[in-house]
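Here is the structure we will look at.
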Amino acid sequence: MLVMLGLPALVWGIVALLGRGEWSAITAAASLLISWPASWLTWSFLVTRWRLWAYERVENLDELKAVAVEAKLIWPEGHARERTEIRSPSQKQRISEYEAAWARKRG
């Protein structure tokens, strides 16, 4: 969130302080157009790594997912935006294995 909104605000402030007020809104908008997709892309890669890390360390995946959704770390299961997580084939397999093991354990 800081990168997504903080960078455009910082750019706007620097450009305004340099005496180029007429350019500050344009540069802030341009930096927003760059920082928002960059932030989402970063999240898309890192959330998969976090998910694997967390799955290895918890006993209750349902509780983990509920807390993560509440904290807005991940999207609810089945949500369209959940598909923006970028996973390698091996990561997909490991996640599936953890979730299958949890389903068997849960009954």
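Identifiers in the structure tokens: chain A, B, ... in order shown; residue index from 1 per chain; ligand index from 1 in order shown.
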Find the residues near Leu46 of chain A: any atom within 12 Å, counting only C-alpha atoms, skip ones fewer than 6 places away on the same chain, and give them as a VMD selection string. chain A and resid 39 to 40 52 to 53 73 to 74 84 to 88 91
Those residues you just picked out, can you put them in a file as a short mmCIF file (atom, residue, chain, number, x, y, z; two decimals), in the first residue's frame with C-alpha atoms?
```cif
data_model
loop_
_atom_site.label_atom_id
_atom_site.label_comp_id
_atom_site.auth_asym_id
_atom_site.auth_seq_id
_atom_site.Cartn_x
_atom_site.Cartn_y
_atom_site.Cartn_z
CA SER A 39 2.74 -3.50 -6.31
CA TRP A 40 0.14 -5.99 -7.50
CA LEU A 52 3.62 -22.08 1.47
CA TRP A 53 5.57 -20.76 4.44
CA LEU A 73 -3.44 -10.56 3.00
CA ILE A 74 -5.23 -12.97 0.67
CA THR A 84 -3.93 -13.34 -9.76
CA GLU A 85 -1.56 -15.24 -7.48
CA ILE A 86 1.39 -16.30 -9.61
CA ARG A 87 2.45 -19.87 -8.84
CA SER A 88 5.01 -22.13 -10.43
CA GLN A 91 4.24 -24.33 -5.90
#
```
Report task. Return the single residue from A:Ser90, A:Gly107, A:Val58, A:Ala29 that is closest to Leu10 of chain A, with distances computed using only C-alpha atoms. Result ->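 Closest to Leu10 of chain A of all the choices is A:Ala29.
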* Near segment 63-66 of chain A, counting only C-alpha atoms, which residues have an atom at most 12 Å away, once you skip same-chain residues fewer than 2 positions from it, shown as a PyMOL selection string? -> chain A and resi 50-61+68-77+99+102
Output for the residues just chosen: C-alpha atoms as a PDB file, in the first residue's frame:
```pdb
ATOM      1  CA  TRP A  50       3.938 -16.657   2.165  1.00  0.00           C
ATOM      2  CA  ARG A  51       1.132 -19.190   1.677  1.00  0.00           C
ATOM      3  CA  LEU A  52       3.624 -22.082   1.470  1.00  0.00           C
ATOM      4  CA  TRP A  53       5.571 -20.762   4.440  1.00  0.00           C
ATOM      5  CA  ALA A  54       2.397 -20.454   6.517  1.00  0.00           C
ATOM      6  CA  TYR A  55       0.934 -23.818   5.455  1.00  0.00           C
ATOM      7  CA  GLU A  56       4.095 -25.530   6.714  1.00  0.00           C
ATOM      8  CA  ARG A  57       3.766 -23.916  10.141  1.00  0.00           C
ATOM      9  CA  VAL A  58       0.086 -24.094  11.111  1.00  0.00           C
ATOM     10  CA  GLU A  59      -2.219 -26.847  12.294  1.00  0.00           C
ATOM     11  CA  ASN A  60      -5.501 -25.387  11.022  1.00  0.00           C
ATOM     12  CA  LEU A  61      -5.585 -24.152   7.405  1.00  0.00           C
ATOM     13  CA  ALA A  68      -5.419 -13.937   6.339  1.00  0.00           C
ATOM     14  CA  VAL A  69      -8.612 -12.866   4.537  1.00  0.00           C
ATOM     15  CA  GLU A  70      -9.618 -10.704   7.507  1.00  0.00           C
ATOM     16  CA  ALA A  71      -6.166  -9.080   7.456  1.00  0.00           C
ATOM     17  CA  LYS A  72      -6.585  -8.576   3.688  1.00  0.00           C
ATOM     18  CA  LEU A  73      -3.439 -10.559   3.001  1.00  0.00           C
ATOM     19  CA  ILE A  74      -5.235 -12.968   0.666  1.00  0.00           C
ATOM     20  CA  TRP A  75      -8.565 -13.022  -1.156  1.00  0.00           C
ATOM     21  CA  PRO A  76     -11.371 -15.354  -0.085  1.00  0.00           C
ATOM     22  CA  GLU A  77     -11.160 -18.847  -1.546  1.00  0.00           C
ATOM     23  CA  GLU A  99      -4.754 -28.578   1.201  1.00  0.00           C
ATOM     24  CA  TRP A 102      -5.745 -30.805   5.570  1.00  0.00           C
TER      25      TRP A 102
END
```
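If you look at atom CA of Gln93 of chain A and atom CA of Val47 of chain A, they are 15.6 Å away from each other.
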task = Determine which residues of chain A DSSP labels as alpha helix (DSSP H) from the backbone of this structure, then write them out as a count of residues only.
result = 74
(message) What's the separation between atom CA of Arg83 of chain A and atom CA of Trp36 of chain A, in Å to one decimal place?
(response)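 Answer for the atom CA of Arg83 of chain A to atom CA of Trp36 of chain A separation: 17.6 Å.
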Between A:Arg94, A:Ala9, A:Ala100, A:Ala30, smallest distance to Arg49 of chain A by only C-alpha atoms belongs to A:Arg94
